[in-house]
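Peer 1: My questions will all concern the structure given below.
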Amino acid sequence: MSNSTLDHDVRSAARVIAPLTLADRCDAPAVVGGSNGRTDRGSCGAQAFIRAVLPSGSDLIFCAHHGRDHEAALAAVGAEIRDETDKIDA
Ligand SMILES: [Zn+2]
């Protein structure tokens, strides 16, 4: 009896996702309110605790707040997500 046609590891594409460092900053665009009442687009820049690796191999990093915002959308496109938000209180 042979099971060779069934020997298919569906998890073989799993990647090792690099850990985040203190130097990693949130990539999410943020609306920054100016003191004159105008708003400008800038990047969030908070310390990143969540890294999402897209199927294309590129990655995005987010602070806890923006990571939560984008987590569902990222998962929907097949991104692998490393969540280090448990380090915040460490
Ligand atoms: Zn952010």
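Letters A, B, ... go to the chains of the structure tokens in the order shown; residues in each chain start at 1; ligands are counted from 1 in the same order.
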Can you pull out every residue with an atom within 10 Å of ligand 1? Use only C-alpha atoms and all ligand atoms and format it as a PyMOL selection string.
Peer 2: chain A and resi 25-30+43-50+61-69
Peer 1: Write the residues you've just listed into a file as a PDB file, in the first residue's frame, and include N, CA and C atoms for each of them.
Peer 2:
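Generated file (out36.pdb):
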```pdb
ATOM      1  N   ARG A  25       9.749  50.676  14.144  1.00  0.00           N
ATOM      2  CA  ARG A  25       8.702  51.686  14.361  1.00  0.00           C
ATOM      3  C   ARG A  25       7.511  51.413  13.467  1.00  0.00           C
ATOM      4  N   CYS A  26       6.328  51.727  13.988  1.00  0.00           N
ATOM      5  CA  CYS A  26       5.075  51.481  13.279  1.00  0.00           C
ATOM      6  C   CYS A  26       5.071  52.142  11.897  1.00  0.00           C
ATOM      7  N   ASP A  27       4.704  51.361  10.869  1.00  0.00           N
ATOM      8  CA  ASP A  27       4.636  51.837   9.492  1.00  0.00           C
ATOM      9  C   ASP A  27       3.307  52.500   9.159  1.00  0.00           C
ATOM     10  N   ALA A  28       2.331  52.371  10.039  1.00  0.00           N
ATOM     11  CA  ALA A  28       0.988  52.825   9.691  1.00  0.00           C
ATOM     12  C   ALA A  28       0.938  54.336   9.509  1.00  0.00           C
ATOM     13  N   PRO A  29       0.239  54.774   8.472  1.00  0.00           N
ATOM     14  CA  PRO A  29       0.012  56.203   8.340  1.00  0.00           C
ATOM     15  C   PRO A  29      -0.917  56.678   9.446  1.00  0.00           C
ATOM     16  N   ALA A  30      -0.689  57.863   9.921  1.00  0.00           N
ATOM     17  CA  ALA A  30      -1.535  58.387  10.995  1.00  0.00           C
ATOM     18  C   ALA A  30      -1.900  59.822  10.654  1.00  0.00           C
ATOM     19  N   SER A  43       3.607  59.331   9.522  1.00  0.00           N
ATOM     20  CA  SER A  43       3.581  57.949   9.976  1.00  0.00           C
ATOM     21  C   SER A  43       3.504  57.932  11.492  1.00  0.00           C
ATOM     22  N   CYS A  44       2.915  56.868  12.000  1.00  0.00           N
ATOM     23  CA  CYS A  44       2.655  56.752  13.427  1.00  0.00           C
ATOM     24  C   CYS A  44       3.956  56.844  14.226  1.00  0.00           C
ATOM     25  N   GLY A  45       4.906  55.967  13.894  1.00  0.00           N
ATOM     26  CA  GLY A  45       6.221  56.058  14.512  1.00  0.00           C
ATOM     27  C   GLY A  45       6.332  55.484  15.910  1.00  0.00           C
ATOM     28  N   ALA A  46       5.270  54.926  16.444  1.00  0.00           N
ATOM     29  CA  ALA A  46       5.339  54.303  17.767  1.00  0.00           C
ATOM     30  C   ALA A  46       6.147  53.006  17.690  1.00  0.00           C
ATOM     31  N   GLN A  47       6.635  52.551  18.832  1.00  0.00           N
ATOM     32  CA  GLN A  47       7.393  51.302  18.826  1.00  0.00           C
ATOM     33  C   GLN A  47       6.535  50.158  18.318  1.00  0.00           C
ATOM     34  N   ALA A  48       7.104  49.362  17.425  1.00  0.00           N
ATOM     35  CA  ALA A  48       6.342  48.280  16.792  1.00  0.00           C
ATOM     36  C   ALA A  48       6.377  47.013  17.625  1.00  0.00           C
ATOM     37  N   PHE A  49       5.227  46.365  17.717  1.00  0.00           N
ATOM     38  CA  PHE A  49       5.123  45.093  18.434  1.00  0.00           C
ATOM     39  C   PHE A  49       4.503  43.996  17.581  1.00  0.00           C
ATOM     40  N   ILE A  50       4.063  44.345  16.379  1.00  0.00           N
ATOM     41  CA  ILE A  50       3.417  43.363  15.509  1.00  0.00           C
ATOM     42  C   ILE A  50       4.071  43.417  14.125  1.00  0.00           C
ATOM     43  N   ILE A  61       5.325  46.460   9.717  1.00  0.00           N
ATOM     44  CA  ILE A  61       5.354  46.417  11.174  1.00  0.00           C
ATOM     45  C   ILE A  61       4.446  47.504  11.734  1.00  0.00           C
ATOM     46  N   PHE A  62       3.819  47.160  12.844  1.00  0.00           N
ATOM     47  CA  PHE A  62       2.821  48.058  13.426  1.00  0.00           C
ATOM     48  C   PHE A  62       2.968  48.121  14.941  1.00  0.00           C
ATOM     49  N   CYS A  63       2.572  49.232  15.513  1.00  0.00           N
ATOM     50  CA  CYS A  63       2.422  49.313  16.957  1.00  0.00           C
ATOM     51  C   CYS A  63       1.195  48.483  17.357  1.00  0.00           C
ATOM     52  N   ALA A  64       0.993  48.310  18.654  1.00  0.00           N
ATOM     53  CA  ALA A  64      -0.119  47.480  19.114  1.00  0.00           C
ATOM     54  C   ALA A  64      -1.455  48.012  18.596  1.00  0.00           C
ATOM     55  N   HIS A  65      -1.610  49.328  18.648  1.00  0.00           N
ATOM     56  CA  HIS A  65      -2.869  49.948  18.240  1.00  0.00           C
ATOM     57  C   HIS A  65      -3.160  49.689  16.755  1.00  0.00           C
ATOM     58  N   HIS A  66      -2.220  50.013  15.886  1.00  0.00           N
ATOM     59  CA  HIS A  66      -2.451  49.830  14.461  1.00  0.00           C
ATOM     60  C   HIS A  66      -2.428  48.354  14.056  1.00  0.00           C
ATOM     61  N   GLY A  67      -1.679  47.550  14.786  1.00  0.00           N
ATOM     62  CA  GLY A  67      -1.680  46.116  14.508  1.00  0.00           C
ATOM     63  C   GLY A  67      -3.069  45.537  14.690  1.00  0.00           C
ATOM     64  N   ARG A  68      -3.730  45.955  15.775  1.00  0.00           N
ATOM     65  CA  ARG A  68      -5.107  45.484  16.008  1.00  0.00           C
ATOM     66  C   ARG A  68      -6.029  45.970  14.895  1.00  0.00           C
ATOM     67  N   ASP A  69      -5.821  47.219  14.475  1.00  0.00           N
ATOM     68  CA  ASP A  69      -6.660  47.786  13.416  1.00  0.00           C
ATOM     69  C   ASP A  69      -6.572  46.983  12.127  1.00  0.00           C
TER      70      ASP A  69
END
```
Peer 1: I need the residue nearest Val53 (chain A) from this list: A:Ala18, A:Ile88, A:Ala73, A:Ala23. Use only C-alpha atoms for the distance.
Peer 2: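 So, comparing all the options, the nearest one is A:Ala18.
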Peer 1: Env of Val77 (chain A): 10 Å cut, atoms = only C-alpha atoms, seq-sep filter 5 positions within chain, self excluded. Answer as a list in words.
Peer 2: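 With the cut-off at 10 Å, the set is Leu54, Pro55 and Ala72 of chain A.
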Peer 1: Using CA of Gly37 (chain A) and CA of Asp24 (chain A) as the two end points, give the distance in Å to one decimal.
Peer 2: 29.7 Å
Peer 1: Have a look at CA of Asp59 (chain A) and CA of Asp89 (chain A) and let me know their distance in Å, one decimal.
Peer 2: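 These two atoms are separated by 24.6 Å.
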Peer 1: Going by DSSP on the backbone, which bits of region 13-84 of chain A are strand (DSSP E)? Write them as a list of chain:residue names, please.
Peer 2: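 Filtering region 13-84 of chain A to strand (DSSP E) leaves A:Pro29, A:Ala30, A:Val31, A:Val32, A:Gly33, A:Thr39, A:Asp40, A:Arg41, A:Gly42, A:Ser43, A:Ile50, A:Arg51, A:Ala52, A:Val53, A:Asp59, A:Leu60, A:Ile61, A:Phe62, A:Glu80, A:Ile81, A:Arg82, A:Asp83.
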Peer 1: Would you put the residues from that selection into a file with C-alpha atoms, as a tab-separated table (two decimals), in the first residue's frame?
Peer 2:
```tsv
chain	number	residue	atom	x	y	z
A	29	PRO	CA	0.01	56.20	8.34
A	30	ALA	CA	-1.54	58.39	10.99
A	31	VAL	CA	-3.46	61.60	10.89
A	32	VAL	CA	-1.47	64.08	12.89
A	33	GLY	CA	-3.32	67.05	14.27
A	39	THR	CA	-4.31	67.80	9.93
A	40	ASP	CA	-1.41	66.25	8.09
A	41	ARG	CA	-0.65	62.69	7.12
A	42	GLY	CA	2.43	61.31	8.78
A	43	SER	CA	3.58	57.95	9.98
A	50	ILE	CA	3.42	43.36	15.51
A	51	ARG	CA	5.06	42.18	12.29
A	52	ALA	CA	3.02	40.93	9.34
A	53	VAL	CA	4.74	39.04	6.53
A	59	ASP	CA	6.69	42.73	5.68
A	60	LEU	CA	4.92	45.48	7.55
A	61	ILE	CA	5.35	46.42	11.17
A	62	PHE	CA	2.82	48.06	13.43
A	80	GLU	CA	1.59	35.63	8.73
A	81	ILE	CA	1.45	37.70	11.88
A	82	ARG	CA	3.91	37.78	14.76
A	83	ASP	CA	2.35	39.45	17.75
```
Peer 1: Could you state the separation of CA of Asp86 (chain A) and CA of Ser56 (chain A) in Å, given to one decimal place?
Peer 2: 27.0 Å
